[in-house]
Amino acid sequence: MTEVSLFRSGDLLGIVPPGAPTVLDGAPDNDVMVLEVLGGHLTWSVLSGQAIPAAVIDDLDAAQEWIWAVYGEPVALAVADYPGGRPTFPARPELPRLITHAWRLGFAHWAARWWPASTLDGIAALDPGVLEEEIAELTEQCEMIVDGADAGVPFIPPMSSNIAVRQSDYALAAGGDARSNVLTLDRGVGGWDWRGCPPGLLDASEQAVSWELARDAGLTIARVSVVAAPQLTGPVPGHLRPRARIAEAAEIELELAGDSWVGQTAVAGEDAVTVEVYVPGIGVPEYEDRGGPETRRRIREFATTRLRRAAGPVTDAFDAPLRAEIAAAAEDSDF
């Protein structure tokens, strides 16, 4: 039995299981599923495995259409006559199947944005067309909750690519530089903050970003290479092309060359660099990355586990694989 607590924040009313994220937490972390519903928003953490969502309600009259179904009649009555403070109630859903559909719809929307497709880490991409079809079906099944509020999701249509690659194919070569009069000063490999780019552009691995600092013809040159997303072969509109910020001092506009985004620029000094990859206008500037690489690691493990499950017999659990996951697991096994 899951317990939920009620709270008020200004004109908003919250219904929250222990430790669950809400839309009041600031910009959501990578593991937070958000579903816009009648009168508010539902949220889950994909890493928690908990079916009961948190709710933040801005229109109580509209939300009463579904509160009883998701949390049970005692919670619906308590919300209607909110006593103040932070009382706790057992959640006894009247329509458990509806919660299953809502979780799956929230997860499908999350997967469209945050699924960590990676050639380097062996995590297959999800077909956006299959995912979009299932989102439409689940939206119909969640009509009591959604009623058109969260019926669509933007996609960047990827193009299929079946090129076999290895991690070493992408890394900037170690050792001396074969070009004459070029001295390699430093190099490194790392990841990137997923909140800074839209889906379908970059490989989600923590090894996707390679950089090199070199001395060439009296200039210090920073070169950056970022592995492209598994199914991306181009073209990409100019406003969606990623950039690399070098130590907060210089910026490189990256160009798609084969299976990588690449670029270089002259920089001042010869200190070791930090590389931030982003698309202008995407994400939340200066937002604290609370989970960082550890949350991304857990999400990659989560995705790998789901694909492994999707390759086996399908169960009727609330978190059963989506058709896009089943198709991705089958294609990955066939490759």
# chains A, B, ... in the order shown; residues from 1 in each chain; ligands from 1

call {"tool": "closest_atom_pairs", "arguments": {"of": "stretch 197-273 of chain A", "to": "stretch 120-132 of chain A", "cutoff": "10 Å", "atoms": "only C-alpha atoms", "output": "Markdown table"}}
result
| residue | atom | partner | partner_atom | distance |
| --- | --- | --- | --- | --- |
| A:Gly200 | CA | A:Ala125 | CA | 8.8 |
| A:Asp203 | CA | A:Leu120 | CA | 7.5 |
| A:Ala204 | CA | A:Asp121 | CA | 8.2 |
| A:Ser205 | CA | A:Asp121 | CA | 6.1 |
| A:Glu206 | CA | A:Asp121 | CA | 8.9 |
| A:Gln207 | CA | A:Leu120 | CA | 7.5 |
| A:Ala208 | CA | A:Leu120 | CA | 7.5 |
| A:Val227 | CA | A:Leu120 | CA | 8.5 |
| A:Ala229 | CA | A:Ala125 | CA | 8.4 |
| A:Pro230 | CA | A:Ala125 | CA | 6.7 |
| A:Gln231 | CA | A:Ala125 | CA | 7.1 |

call {"tool": "select_by_dssp", "arguments": {"residues": "stretch 71-317 of chain A", "states": "alpha helix (DSSP H)", "output": "ChimeraX atom specification"}}
result
/A:71,73-80,96-114,128-141,167-170,292-310

call {"tool": "select_by_dssp", "arguments": {"residues": "stretch 10-164 of chain A", "states": "strand (DSSP E)", "output": "number ranges by chain"}}
result
A: 12-16, 32-37, 40-45, 54-57, 88-91

call {"tool": "write_last_selection", "arguments": {"atoms": "N, CA, C and O atoms", "output": "compact mmCIF listing (two decimals), in the first residue's frame"}}
result
# COMPACT_ATOMS: atom_id res chain seq x y z
N LEU A 12 -1.54 26.05 -5.83
CA LEU A 12 -1.39 24.69 -6.30
C LEU A 12 -1.55 23.69 -5.17
O LEU A 12 -1.12 23.94 -4.04
N LEU A 13 -2.15 22.55 -5.48
CA LEU A 13 -2.33 21.47 -4.52
C LEU A 13 -1.54 20.27 -4.97
O LEU A 13 -1.58 19.89 -6.15
N GLY A 14 -0.79 19.67 -4.06
CA GLY A 14 0.03 18.52 -4.40
C GLY A 14 -0.45 17.25 -3.73
O GLY A 14 -0.94 17.27 -2.60
N ILE A 15 -0.32 16.12 -4.44
CA ILE A 15 -0.57 14.78 -3.91
C ILE A 15 0.68 13.97 -4.21
O ILE A 15 0.97 13.70 -5.39
N VAL A 16 1.43 13.58 -3.19
CA VAL A 16 2.80 13.08 -3.45
C VAL A 16 3.10 11.82 -2.65
O VAL A 16 3.03 11.83 -1.41
N VAL A 32 12.78 11.97 -14.85
CA VAL A 32 11.41 12.32 -14.46
C VAL A 32 10.47 12.27 -15.66
O VAL A 32 10.71 12.91 -16.68
N MET A 33 9.41 11.48 -15.53
CA MET A 33 8.35 11.43 -16.53
C MET A 33 7.28 12.44 -16.13
O MET A 33 6.84 12.46 -14.98
N VAL A 34 6.84 13.25 -17.08
CA VAL A 34 5.84 14.28 -16.82
C VAL A 34 4.68 14.09 -17.79
O VAL A 34 4.90 13.97 -19.01
N LEU A 35 3.46 14.04 -17.27
CA LEU A 35 2.27 13.90 -18.10
C LEU A 35 1.31 15.03 -17.76
O LEU A 35 0.88 15.18 -16.62
N GLU A 36 0.99 15.85 -18.77
CA GLU A 36 0.00 16.91 -18.58
C GLU A 36 -1.39 16.29 -18.59
O GLU A 36 -1.74 15.54 -19.50
N VAL A 37 -2.19 16.60 -17.56
CA VAL A 37 -3.51 16.01 -17.42
C VAL A 37 -4.53 17.10 -17.14
O VAL A 37 -4.19 18.27 -16.97
N GLY A 40 -3.88 19.70 -14.16
CA GLY A 40 -2.56 19.68 -13.54
C GLY A 40 -1.57 18.78 -14.27
O GLY A 40 -1.67 18.58 -15.48
N HIS A 41 -0.62 18.23 -13.50
CA HIS A 41 0.43 17.38 -14.06
C HIS A 41 0.69 16.18 -13.14
O HIS A 41 0.64 16.32 -11.91
N LEU A 42 0.95 15.03 -13.75
CA LEU A 42 1.39 13.84 -13.03
C LEU A 42 2.86 13.62 -13.31
O LEU A 42 3.34 13.87 -14.42
N THR A 43 3.60 13.12 -12.32
CA THR A 43 5.02 12.84 -12.49
C THR A 43 5.40 11.53 -11.81
O THR A 43 4.83 11.16 -10.78
N TRP A 44 6.35 10.84 -12.42
CA TRP A 44 6.97 9.64 -11.87
C TRP A 44 8.48 9.73 -12.10
O TRP A 44 8.93 10.45 -12.98
N SER A 45 9.24 8.94 -11.38
CA SER A 45 10.64 8.70 -11.72
C SER A 45 10.71 7.34 -12.39
O SER A 45 10.21 6.34 -11.86
N ALA A 54 2.97 11.24 -8.58
CA ALA A 54 2.73 12.48 -7.84
C ALA A 54 1.89 13.39 -8.72
O ALA A 54 1.96 13.33 -9.95
N ALA A 55 1.08 14.24 -8.09
CA ALA A 55 0.23 15.17 -8.84
C ALA A 55 0.40 16.57 -8.29
O ALA A 55 0.49 16.76 -7.07
N VAL A 56 0.46 17.55 -9.19
CA VAL A 56 0.36 18.96 -8.83
C VAL A 56 -0.84 19.51 -9.59
O VAL A 56 -0.88 19.44 -10.82
N ILE A 57 -1.80 20.03 -8.85
CA ILE A 57 -3.11 20.38 -9.41
C ILE A 57 -3.29 21.89 -9.38
O ILE A 57 -3.09 22.53 -8.34
N THR A 88 -1.46 12.68 5.57
CA THR A 88 -1.10 11.50 4.79
C THR A 88 -2.28 10.55 4.71
O THR A 88 -3.01 10.35 5.70
N PHE A 89 -2.48 9.96 3.53
CA PHE A 89 -3.59 9.04 3.31
C PHE A 89 -3.10 7.85 2.51
O PHE A 89 -2.18 7.97 1.68
N PRO A 90 -3.69 6.66 2.71
CA PRO A 90 -3.36 5.52 1.85
C PRO A 90 -3.96 5.74 0.46
O PRO A 90 -5.10 6.19 0.33
N ALA A 91 -3.20 5.42 -0.56
CA ALA A 91 -3.70 5.51 -1.93
C ALA A 91 -4.32 4.16 -2.30
O ALA A 91 -3.65 3.14 -2.31

call {"tool": "closest_residue", "arguments": {"among": "A:Gly238, A:Pro74, A:Leu201, A:Ala329", "to": "A:Pro313", "atoms": "only C-alpha atoms"}}
result
A:Ala329

call {"tool": "atom_distance", "arguments": {"atom1": "atom CA of A:Leu232", "atom2": "atom CA of A:Gly292"}}
result
24.8 Å

call {"tool": "closest_residue", "arguments": {"among": "A:Gly312, A:Gly269, A:Pro96, A:Pro321", "to": "A:Leu185", "atoms": "only C-alpha atoms"}}
result
A:Gly269

call {"tool": "atom_distance", "arguments": {"atom1": "atom CA of A:Asp186", "atom2": "atom CA of A:Val226"}}
result
16.9 Å

call {"tool": "closest_residue", "arguments": {"among": "A:Val4, A:Ile67, A:Leu105, A:Ala112", "to": "A:Pro87", "atoms": "only C-alpha atoms"}}
result
A:Val4

call {"tool": "closest_residue", "arguments": {"among": "A:Leu47, A:Val209, A:Ser5, A:Asp216", "to": "A:Pro83", "atoms": "only C-alpha atoms"}}
result
A:Ser5

call {"tool": "atom_distance", "arguments": {"atom1": "atom CA of A:Ala63", "atom2": "atom CA of A:Leu138"}}
result
19.1 Å

call {"tool": "residues_around", "arguments": {"residues": "A:Gly84", "least_positions_apart": "6", "cutoff": "9 Å", "atoms": "only C-alpha atoms", "output": "list in words"}}
result
Leu6, Phe7 and Arg8 of chain A

call {"tool": "residues_around", "arguments": {"residues": "A:Ile282", "least_positions_apart": "3", "cutoff": "9 Å", "atoms": "only C-alpha atoms", "output": "number ranges by chain"}}
result
A: 195-198, 278-279, 285

call {"tool": "write_last_selection", "arguments": {"atoms": "C-alpha atoms", "output": "PDB file, in the first residue's frame"}}
result
ATOM      1  CA  ARG A 195      19.247  18.477 -21.125  1.00  0.00           C
ATOM      2  CA  GLY A 196      21.270  20.686 -23.477  1.00  0.00           C
ATOM      3  CA  CYS A 197      20.256  19.022 -26.783  1.00  0.00           C
ATOM      4  CA  PRO A 198      17.019  17.707 -28.301  1.00  0.00           C
ATOM      5  CA  TYR A 278      24.514  22.121 -26.393  1.00  0.00           C
ATOM      6  CA  VAL A 279      21.974  23.465 -28.866  1.00  0.00           C
ATOM      7  CA  PRO A 285      20.479  27.696 -18.475  1.00  0.00           C
TER       8      PRO A 285
END

call {"tool": "closest_atom_pairs", "arguments": {"of": "stretch 14-133 of chain A", "to": "stretch 142-147 of chain A", "cutoff": "8 Å", "atoms": "only C-alpha atoms", "output": "JSON lines"}}
result
{"residue": "A:Glu36", "atom": "CA", "partner": "A:Val146", "partner_atom": "CA", "distance": 6.9}
{"residue": "A:Val37", "atom": "CA", "partner": "A:Val146", "partner_atom": "CA", "distance": 4.5}
{"residue": "A:Leu38", "atom": "CA", "partner": "A:Val146", "partner_atom": "CA", "distance": 5.8}
{"residue": "A:Glu65", "atom": "CA", "partner": "A:Met144", "partner_atom": "CA", "distance": 7.2}
{"residue": "A:Trp66", "atom": "CA", "partner": "A:Ile145", "partner_atom": "CA", "distance": 5.9}
{"residue": "A:Leu98", "atom": "CA", "partner": "A:Cys142", "partner_atom": "CA", "distance": 6.6}
{"residue": "A:His101", "atom": "CA", "partner": "A:Cys142", "partner_atom": "CA", "distance": 6.4}
{"residue": "A:Ala102", "atom": "CA", "partner": "A:Cys142", "partner_atom": "CA", "distance": 6.1}

call {"tool": "residues_around", "arguments": {"residues": "stretch 258-263 of chain A", "least_positions_apart": "3", "cutoff": "9 Å", "atoms": "only C-alpha atoms", "output": "list in words"}}
result
Ile163, Tyr170, Leu202, Ala222, Arg223, Val224, Ser225, Val226, Val227, Ala228, Ala229, Pro230, Leu232, Thr233, Gly234, Arg241, Pro242, Arg243, Ala244, Ile252, Glu253, Leu254 and Glu255 of chain A

call {"tool": "write_last_selection", "arguments": {"atoms": "N, CA, C and O atoms", "output": "mmCIF file, in the first residue's frame"}}
result
data_model
loop_
_atom_site.group_PDB
_atom_site.id
_atom_site.type_symbol
_atom_site.label_atom_id
_atom_site.label_comp_id
_atom_site.auth_asym_id
_atom_site.auth_seq_id
_atom_site.Cartn_x
_atom_site.Cartn_y
_atom_site.Cartn_z
ATOM 1 N N ILE A 163 25.511 1.134 -40.072
ATOM 2 C CA ILE A 163 26.964 1.072 -40.092
ATOM 3 C C ILE A 163 27.471 0.509 -38.771
ATOM 4 O O ILE A 163 27.124 1.005 -37.696
ATOM 5 N N TYR A 170 35.779 6.343 -33.022
ATOM 6 C CA TYR A 170 35.378 7.723 -32.841
ATOM 7 C C TYR A 170 36.392 8.550 -32.057
ATOM 8 O O TYR A 170 36.454 9.762 -32.201
ATOM 9 N N LEU A 202 22.747 13.322 -30.682
ATOM 10 C CA LEU A 202 24.041 12.879 -30.167
ATOM 11 C C LEU A 202 23.922 11.516 -29.502
ATOM 12 O O LEU A 202 22.898 11.169 -28.909
ATOM 13 N N ALA A 222 41.701 24.019 -30.495
ATOM 14 C CA ALA A 222 40.856 23.035 -29.815
ATOM 15 C C ALA A 222 39.995 22.343 -30.867
ATOM 16 O O ALA A 222 39.298 22.998 -31.647
ATOM 17 N N ARG A 223 40.076 21.028 -30.901
ATOM 18 C CA ARG A 223 39.259 20.236 -31.819
ATOM 19 C C ARG A 223 38.300 19.377 -31.008
ATOM 20 O O ARG A 223 38.686 18.776 -30.010
ATOM 21 N N VAL A 224 37.041 19.317 -31.458
ATOM 22 C CA VAL A 224 36.011 18.551 -30.752
ATOM 23 C C VAL A 224 35.331 17.608 -31.730
ATOM 24 O O VAL A 224 35.044 17.978 -32.882
ATOM 25 N N SER A 225 35.092 16.382 -31.288
ATOM 26 C CA SER A 225 34.339 15.399 -32.064
ATOM 27 C C SER A 225 33.301 14.764 -31.140
ATOM 28 O O SER A 225 33.638 14.332 -30.035
ATOM 29 N N VAL A 226 32.042 14.741 -31.575
ATOM 30 C CA VAL A 226 30.956 14.160 -30.783
ATOM 31 C C VAL A 226 30.251 13.113 -31.639
ATOM 32 O O VAL A 226 29.831 13.402 -32.766
ATOM 33 N N VAL A 227 30.128 11.905 -31.125
ATOM 34 C CA VAL A 227 29.474 10.829 -31.859
ATOM 35 C C VAL A 227 28.004 11.184 -32.074
ATOM 36 O O VAL A 227 27.300 11.591 -31.150
ATOM 37 N N ALA A 228 27.531 11.030 -33.305
ATOM 38 C CA ALA A 228 26.132 11.307 -33.619
ATOM 39 C C ALA A 228 25.235 10.199 -33.073
ATOM 40 O O ALA A 228 25.685 9.079 -32.796
ATOM 41 N N ALA A 229 23.955 10.509 -32.918
ATOM 42 C CA ALA A 229 22.975 9.514 -32.482
ATOM 43 C C ALA A 229 22.956 8.346 -33.463
ATOM 44 O O ALA A 229 23.236 8.507 -34.655
ATOM 45 N N PRO A 230 22.604 7.139 -32.994
ATOM 46 C CA PRO A 230 22.736 5.940 -33.831
ATOM 47 C C PRO A 230 22.037 6.002 -35.181
ATOM 48 O O PRO A 230 22.551 5.470 -36.153
ATOM 49 N N LEU A 232 21.085 8.811 -36.882
ATOM 50 C CA LEU A 232 21.171 10.111 -37.533
ATOM 51 C C LEU A 232 22.230 10.103 -38.622
ATOM 52 O O LEU A 232 23.385 9.793 -38.378
ATOM 53 N N THR A 233 21.816 10.425 -39.831
ATOM 54 C CA THR A 233 22.772 10.578 -40.922
ATOM 55 C C THR A 233 22.654 11.939 -41.579
ATOM 56 O O THR A 233 23.438 12.254 -42.463
ATOM 57 N N GLY A 234 21.677 12.776 -41.188
ATOM 58 C CA GLY A 234 21.500 14.120 -41.722
ATOM 59 C C GLY A 234 20.433 14.138 -42.790
ATOM 60 O O GLY A 234 19.884 13.116 -43.166
ATOM 61 N N ARG A 241 21.604 22.383 -34.939
ATOM 62 C CA ARG A 241 22.972 21.870 -34.945
ATOM 63 C C ARG A 241 23.668 22.200 -33.628
ATOM 64 O O ARG A 241 23.619 23.341 -33.158
ATOM 65 N N PRO A 242 24.329 21.222 -33.030
ATOM 66 C CA PRO A 242 24.961 21.454 -31.733
ATOM 67 C C PRO A 242 26.201 22.326 -31.817
ATOM 68 O O PRO A 242 26.833 22.445 -32.881
ATOM 69 N N ARG A 243 26.526 22.905 -30.683
ATOM 70 C CA ARG A 243 27.750 23.687 -30.538
ATOM 71 C C ARG A 243 28.540 23.140 -29.356
ATOM 72 O O ARG A 243 27.988 22.490 -28.471
ATOM 73 N N ALA A 244 29.828 23.429 -29.339
ATOM 74 C CA ALA A 244 30.694 23.037 -28.222
ATOM 75 C C ALA A 244 31.291 24.299 -27.615
ATOM 76 O O ALA A 244 31.925 25.084 -28.325
ATOM 77 N N ILE A 252 32.456 26.498 -30.636
ATOM 78 C CA ILE A 252 32.641 25.852 -31.931
ATOM 79 C C ILE A 252 31.278 25.444 -32.474
ATOM 80 O O ILE A 252 30.506 24.773 -31.782
ATOM 81 N N GLU A 253 30.976 25.839 -33.692
ATOM 82 C CA GLU A 253 29.794 25.347 -34.377
ATOM 83 C C GLU A 253 30.154 24.017 -35.032
ATOM 84 O O GLU A 253 31.035 23.951 -35.887
ATOM 85 N N LEU A 254 29.487 22.950 -34.602
ATOM 86 C CA LEU A 254 29.829 21.613 -35.073
ATOM 87 C C LEU A 254 29.089 21.285 -36.370
ATOM 88 O O LEU A 254 27.946 21.696 -36.577
ATOM 89 N N GLU A 255 29.758 20.517 -37.221
ATOM 90 C CA GLU A 255 29.189 20.082 -38.482
ATOM 91 C C GLU A 255 29.152 18.557 -38.510
ATOM 92 O O GLU A 255 30.057 17.894 -38.003
#
